[in-house]
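One structure is given below, encoded as structure tokens.
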Amino acid sequence: MAIDRRKVLLFGSATTLRLLLFFAFPSLPDLLTGRVEISTPVTSFKRLQEGLFLYTHNVSPYDGGVFHQAPLLLSLFALIPSSIFSPLTSLLYIALDLLCVNALIQIAESDEAGSSRLFTSPRRELKWDSVAIGAAYLFNPFTIATCIGRPTSVFTNCAILYAISKAVSGKPMSSILALGLASYLSLYPLLLLPPLILLCYDRQARNKKVTLYISTYSVKYTSMFLGTNVWFLYLSNILTAGSWEFLSSTYGVQLLLPDLTPNMGLWWYFFIEMFDSFREFFLGVFWLHLGGYVGGLCIRVRKQPLFVIITLLGIFAIFKPYPSLSDTSLYFAMLPLYRHVFPLMRYTFFAMATILYATMLGPAFYYLWIYAGSGNANFYYAITLVWNLGLSEIVADSLFAVLRDEWEVERPEMKGKDVRQI
């Protein structure tokens, strides 16, 4: 098998950079682990270490209301000897980044973004090389900071990327299993199930490997997805000595938001100010808002299910209960697959300037609030609103560009002309 020297160079340089940051700056991982932009109550590496200590001393980590992560993660990290825990976890997170970029390169090489079963873009030749897309992911400062900060969301991102890569490779069973693992770890990826099934169906129908109607196909793989999650939950029950306590501590925390630790999202401040009598109602509203995008996007952008998945990843980075830089880095990793629609985007400079502005001022505002005492929660929440405004602009603008690309194929005479809603 021929070795791609560009991939070897990419993987080697990315690994070297991460090893340098981990071992040449030993205080950096602990510094980033404590940042609210990287660690959340449901992904924090420090909380994982606390839960692991309790787990290895035969005390339930789900008793104290601190640990909110899946039991399989406890079992995985419990295998690492305590004497070499820090260097091995560093190597583990570097390996996860390399696995993520390997899946991303496979997705890029499939050319699903430029030519799906139901739509072929006339601009599909305007694209970036798969290795360049991988390099953009590996050397993205958000990705590097996430790797050094070691949140457990990296496991979820890796599972999501492999679910998509297996889908575009025409392997629906592996894809559904990977998405099942991602949903088990973080809950919210289950909203990716409808577009992922459409993507699997389109890839197999394109290669004439499917004989089922799409409704039957959907029922089959939805059942497989549910079975996968039931199996993971049953395995977790065994690992926690027959206790189901982890359900409320892991998934109940994400659904009901009892931990209002500040983060980059929109939920925490809103529910701090919320009267308890209205809490359940607005929890339902927020979750309905997050889930409501799935059906609309699957119907409107049916011809390009991969873009539906990418758009949902962007929406999750804005509207999920506990977002972090990890979610943003995953969205920014997938977006370059649609390089051919970038010329149709209208507000790229404004959106990127907003993101950079919030990236620079976010830590400063948090410092003024928590450490200097010269600000309050409004300081930090204001800059998170600016951050999410920038992300929202990118999500909306990329969606406009894809719809404009489809529209120009349907009406070639309108190519290059301005469009205004009346």
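Identifiers for the structure tokens are assigned positionally: chains receive A, B, ... in sequence, residues are indexed from 1 per chain, and ligands are indexed from 1 in the order shown.
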Can I get the residues of segment 2-44 of chain A within 9 Å of segment 64-77 of chain A, each with the closest pair of atoms and their distance in Å to one decimal, using only C-alpha atoms, sorted chain first then ascending number, as a Markdown table?
```
| residue | atom | partner | partner_atom | distance |
| --- | --- | --- | --- | --- |
| A:Pro41 | CA | A:His68 | CA | 6.9 |
| A:Val42 | CA | A:His68 | CA | 5.2 |
| A:Thr43 | CA | A:Gln69 | CA | 6.9 |
| A:Ser44 | CA | A:Gln69 | CA | 8.8 |
```
Contacts of Leu256 of chain A within 10 Å, only C-alpha atoms, excl. fewer than 5 positions in-chain, as a list in words: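 Listing them by chain and then by number gives Ser248, Tyr251, Arg279, Glu280, Leu283, Gly284, Trp287 and Pro321 of chain A.
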Go ahead and write the selection's residues with N, CA and C atoms as a short mmCIF file (atom, residue, chain, number, x, y, z; two decimals), in the first residue's frame.
```
data_model
loop_
_atom_site.label_atom_id
_atom_site.label_comp_id
_atom_site.auth_asym_id
_atom_site.auth_seq_id
_atom_site.Cartn_x
_atom_site.Cartn_y
_atom_site.Cartn_z
N SER A 248 -29.62 9.73 35.69
CA SER A 248 -29.99 11.09 36.08
C SER A 248 -28.76 12.00 36.17
N TYR A 251 -27.46 12.06 31.90
CA TYR A 251 -28.39 12.61 30.91
C TYR A 251 -29.39 13.58 31.52
N ARG A 279 -39.42 27.50 35.13
CA ARG A 279 -38.24 26.78 34.70
C ARG A 279 -38.58 25.62 33.76
N GLU A 280 -39.55 24.78 34.14
CA GLU A 280 -39.89 23.62 33.32
C GLU A 280 -40.40 24.04 31.95
N LEU A 283 -37.42 25.22 29.88
CA LEU A 283 -36.59 24.08 29.49
C LEU A 283 -37.18 23.37 28.28
N GLY A 284 -38.49 23.18 28.30
CA GLY A 284 -39.16 22.58 27.15
C GLY A 284 -39.02 23.44 25.90
N TRP A 287 -35.35 23.17 24.54
CA TRP A 287 -35.09 21.90 23.88
C TRP A 287 -35.91 21.76 22.59
N PRO A 321 -27.07 22.92 25.63
CA PRO A 321 -26.99 23.44 27.00
C PRO A 321 -25.58 23.79 27.48
#
```
Residues near segment 212-221 of chain A, cut-off 9 Å, only C-alpha atoms, skip fewer than 6 positions along chain, as JSON, numbers by chain: {"A": [172, 173, 176, 194, 197, 198, 201]}
Would you output that residue set with all heavy atoms, as a CSV table (one decimal), in the first residue's frame?
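And here is the file that came out, selection-v6.csv:
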```csv
chain,number,residue,atom,x,y,z
A,172,PRO,N,-23.6,1.7,6.4
A,172,PRO,CA,-24.6,2.2,7.4
A,172,PRO,C,-24.5,1.6,8.7
A,172,PRO,O,-24.8,2.3,9.7
A,172,PRO,CB,-25.9,2.0,6.7
A,172,PRO,CG,-25.6,0.8,5.7
A,172,PRO,CD,-24.2,1.0,5.3
A,173,MET,N,-24.2,0.3,8.8
A,173,MET,CA,-24.2,-0.3,10.2
A,173,MET,C,-23.1,0.3,11.1
A,173,MET,O,-23.4,0.7,12.2
A,173,MET,CB,-24.0,-1.8,10.0
A,173,MET,CG,-24.1,-2.6,11.3
A,173,MET,SD,-24.1,-4.4,11.1
A,173,MET,CE,-25.5,-4.6,10.1
A,176,ILE,N,-24.2,3.9,12.1
A,176,ILE,CA,-25.2,3.9,13.2
A,176,ILE,C,-24.6,3.6,14.5
A,176,ILE,O,-24.9,4.2,15.5
A,176,ILE,CB,-26.4,3.0,12.8
A,176,ILE,CG1,-27.1,3.6,11.6
A,176,ILE,CG2,-27.3,3.0,14.0
A,176,ILE,CD1,-27.6,5.0,11.7
A,194,PRO,N,-31.7,11.5,11.9
A,194,PRO,CA,-32.5,11.6,10.7
A,194,PRO,C,-31.6,12.0,9.5
A,194,PRO,O,-31.6,11.2,8.4
A,194,PRO,CB,-33.5,12.7,11.0
A,194,PRO,CG,-33.7,12.6,12.5
A,194,PRO,CD,-32.4,12.3,13.0
A,197,ILE,N,-29.3,9.0,8.5
A,197,ILE,CA,-30.0,7.9,7.8
A,197,ILE,C,-30.2,8.3,6.4
A,197,ILE,O,-30.0,7.5,5.5
A,197,ILE,CB,-31.3,7.6,8.5
A,197,ILE,CG1,-31.0,6.9,9.9
A,197,ILE,CG2,-32.2,6.7,7.6
A,197,ILE,CD1,-32.3,6.5,10.7
A,198,LEU,N,-30.6,9.5,6.1
A,198,LEU,CA,-30.7,10.0,4.7
A,198,LEU,C,-29.4,9.9,4.0
A,198,LEU,O,-29.4,9.5,2.8
A,198,LEU,CB,-31.2,11.4,4.7
A,198,LEU,CG,-32.7,11.7,5.2
A,198,LEU,CD1,-33.0,13.2,5.2
A,198,LEU,CD2,-33.7,10.9,4.4
A,201,TYR,N,-28.7,6.3,3.2
A,201,TYR,CA,-29.6,5.8,2.2
A,201,TYR,C,-29.1,6.3,0.8
A,201,TYR,O,-29.1,5.5,-0.2
A,201,TYR,CB,-31.0,6.2,2.5
A,201,TYR,CG,-32.0,5.8,1.4
A,201,TYR,CD1,-32.6,4.5,1.5
A,201,TYR,CD2,-32.4,6.6,0.4
A,201,TYR,CE1,-33.5,4.0,0.6
A,201,TYR,CE2,-33.3,6.2,-0.6
A,201,TYR,CZ,-33.8,4.9,-0.5
A,201,TYR,OH,-34.7,4.4,-1.4
```
Set out as JSON lines a contact list for segment 29-136 of chain A and segment 390-404 of chain A with a cut-off of 12 Å, giving each residue of segment 29-136 of chain A that qualifies its closest atom pair and distance in Å to one decimal, counting only C-alpha atoms, ordered by chain and rising residue number.
```
{"residue": "A:Ala113", "atom": "CA", "partner": "A:Val402", "partner_atom": "CA", "distance": 10.4}
{"residue": "A:Gly114", "atom": "CA", "partner": "A:Val402", "partner_atom": "CA", "distance": 10.6}
{"residue": "A:Phe119", "atom": "CA", "partner": "A:Val402", "partner_atom": "CA", "distance": 11.0}
{"residue": "A:Thr120", "atom": "CA", "partner": "A:Val402", "partner_atom": "CA", "distance": 11.5}
{"residue": "A:Ser121", "atom": "CA", "partner": "A:Val402", "partner_atom": "CA", "distance": 9.3}
{"residue": "A:Pro122", "atom": "CA", "partner": "A:Val402", "partner_atom": "CA", "distance": 11.7}
{"residue": "A:Arg123", "atom": "CA", "partner": "A:Val402", "partner_atom": "CA", "distance": 10.9}
{"residue": "A:Arg124", "atom": "CA", "partner": "A:Val402", "partner_atom": "CA", "distance": 11.8}
```
Can you write just those residues out, C-alpha atoms, as an mmCIF file, in the first residue's frame?
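The new file selection_28.cif reads:
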```
data_model
loop_
_atom_site.group_PDB
_atom_site.id
_atom_site.type_symbol
_atom_site.label_atom_id
_atom_site.label_comp_id
_atom_site.auth_asym_id
_atom_site.auth_seq_id
_atom_site.Cartn_x
_atom_site.Cartn_y
_atom_site.Cartn_z
ATOM 1 C CA ALA A 113 -20.190 17.746 -0.536
ATOM 2 C CA GLY A 114 -19.886 18.610 -4.204
ATOM 3 C CA PHE A 119 -27.734 17.287 -6.439
ATOM 4 C CA THR A 120 -24.477 18.105 -8.189
ATOM 5 C CA SER A 121 -23.136 21.598 -7.731
ATOM 6 C CA PRO A 122 -21.869 23.384 -10.853
ATOM 7 C CA ARG A 123 -19.126 24.794 -8.604
ATOM 8 C CA ARG A 124 -17.964 21.406 -7.295
#
```
Residue list (helix (DSSP H, G or I), DSSP) for segment 5-225 of chain A, as a PyMOL selection string: chain A and resi 5-24+28-33+45-56+71-78+82-110+130-138+141-149+153-168+172-186+188-206+214-225
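Among A:Gly242, A:Pro195, A:Pro258, A:Gly134, the residue with the shortest atom-to-atom distance to Ala163 of chain A, counting only C-alpha atoms, is A:Pro195.
Of the listed residues A:Thr261, A:Gln304, A:Thr146, A:Asn237, the one whose atoms come nearest to Leu196 of chain A is A:Gln304, with distances taken using only C-alpha atoms.
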Given only C-alpha atoms as the counted atoms, nearest of A:Leu91, A:Ala78, A:Val59, A:Ile148 to Thr33 of chain A: A:Ile148
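Distances to Ile309 of chain A were evaluated for A:Ser277, A:Leu193, A:Leu92, A:Phe332 using only C-alpha atoms, and the minimum falls at A:Leu193.
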Closest of A:Thr89, A:Lys320, A:Asn388, A:Phe23 to Trp267 of chain A - atom-to-atom distances counting only C-alpha atoms: A:Lys320
Near-Leu118 of chain A list (10 Å; only C-alpha atoms; drop same-chain fewer than 3 positions) as a PyMOL selection string: chain A and resi 115+202+206+302-305
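Excluding segment 135-140 of chain A itself and same-chain residues fewer than 4 positions from it, the residues having an atom within 8 Å of it are Leu10, Ala14, Asp97, Val101, Val131, Ile144, Ser329, Phe332 and Ala333 of chain A, counting only C-alpha atoms.
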Those selected residues, please, written with N, CA and C atoms and delivered as a compact mmCIF listing (two decimals), in the first residue's frame.
```
# COMPACT_ATOMS: atom_id res chain seq x y z
N LEU A 10 1.75 15.73 7.69
CA LEU A 10 0.69 16.40 8.44
C LEU A 10 0.54 15.79 9.83
N ALA A 14 1.62 17.71 13.35
CA ALA A 14 0.58 17.97 14.35
C ALA A 14 0.89 17.27 15.67
N ASP A 97 -7.19 13.12 18.20
CA ASP A 97 -7.14 14.16 17.17
C ASP A 97 -6.76 13.58 15.81
N VAL A 101 -9.01 13.53 12.33
CA VAL A 101 -8.61 14.08 11.04
C VAL A 101 -8.58 12.99 9.97
N VAL A 131 -6.17 16.82 2.32
CA VAL A 131 -5.09 17.01 3.30
C VAL A 131 -5.10 18.45 3.80
N ILE A 144 -6.45 22.79 18.89
CA ILE A 144 -5.26 22.58 19.71
C ILE A 144 -5.57 22.84 21.18
N SER A 329 -14.92 23.88 17.08
CA SER A 329 -13.84 23.34 16.25
C SER A 329 -14.35 22.23 15.34
N PHE A 332 -16.20 24.04 12.48
CA PHE A 332 -15.24 24.67 11.58
C PHE A 332 -14.43 23.64 10.80
N ALA A 333 -14.30 22.43 11.33
CA ALA A 333 -13.61 21.37 10.60
C ALA A 333 -14.42 20.90 9.40
```
Nearby residues (only C-alpha atoms) at most 9 Å from Leu257 of chain A, same-chain spacing under 3 positions excluded, as a VMD selection string: chain A and resid 252 to 254 260 267 to 268 271 283 321 to 322
Atom-to-atom span, atom CA of Lys127 of chain A and atom CA of Tyr347 of chain A, Å: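 Computing the Euclidean distance for atom CA of Lys127 of chain A and atom CA of Tyr347 of chain A yields 19.8 Å.
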Selected residue of minimal separation from Met345 of chain A among A:Glu37, A:Asp111, A:Glu125, A:Asp405, counting only C-alpha atoms: A:Asp405
Atom-to-atom span, atom CA of Ser39 of chain A and atom CA of Ile310 of chain A, Å: 22.5 Å
One-decimal distance in Å that lies between atom CA of Phe11 of chain A and atom CA of Pro336 of chain A: 19.0 Å
Who sits within 9 Å of Thr328 of chain A, only C-alpha atoms, same chain under 6 positions skipped, as a count of residues only: 8
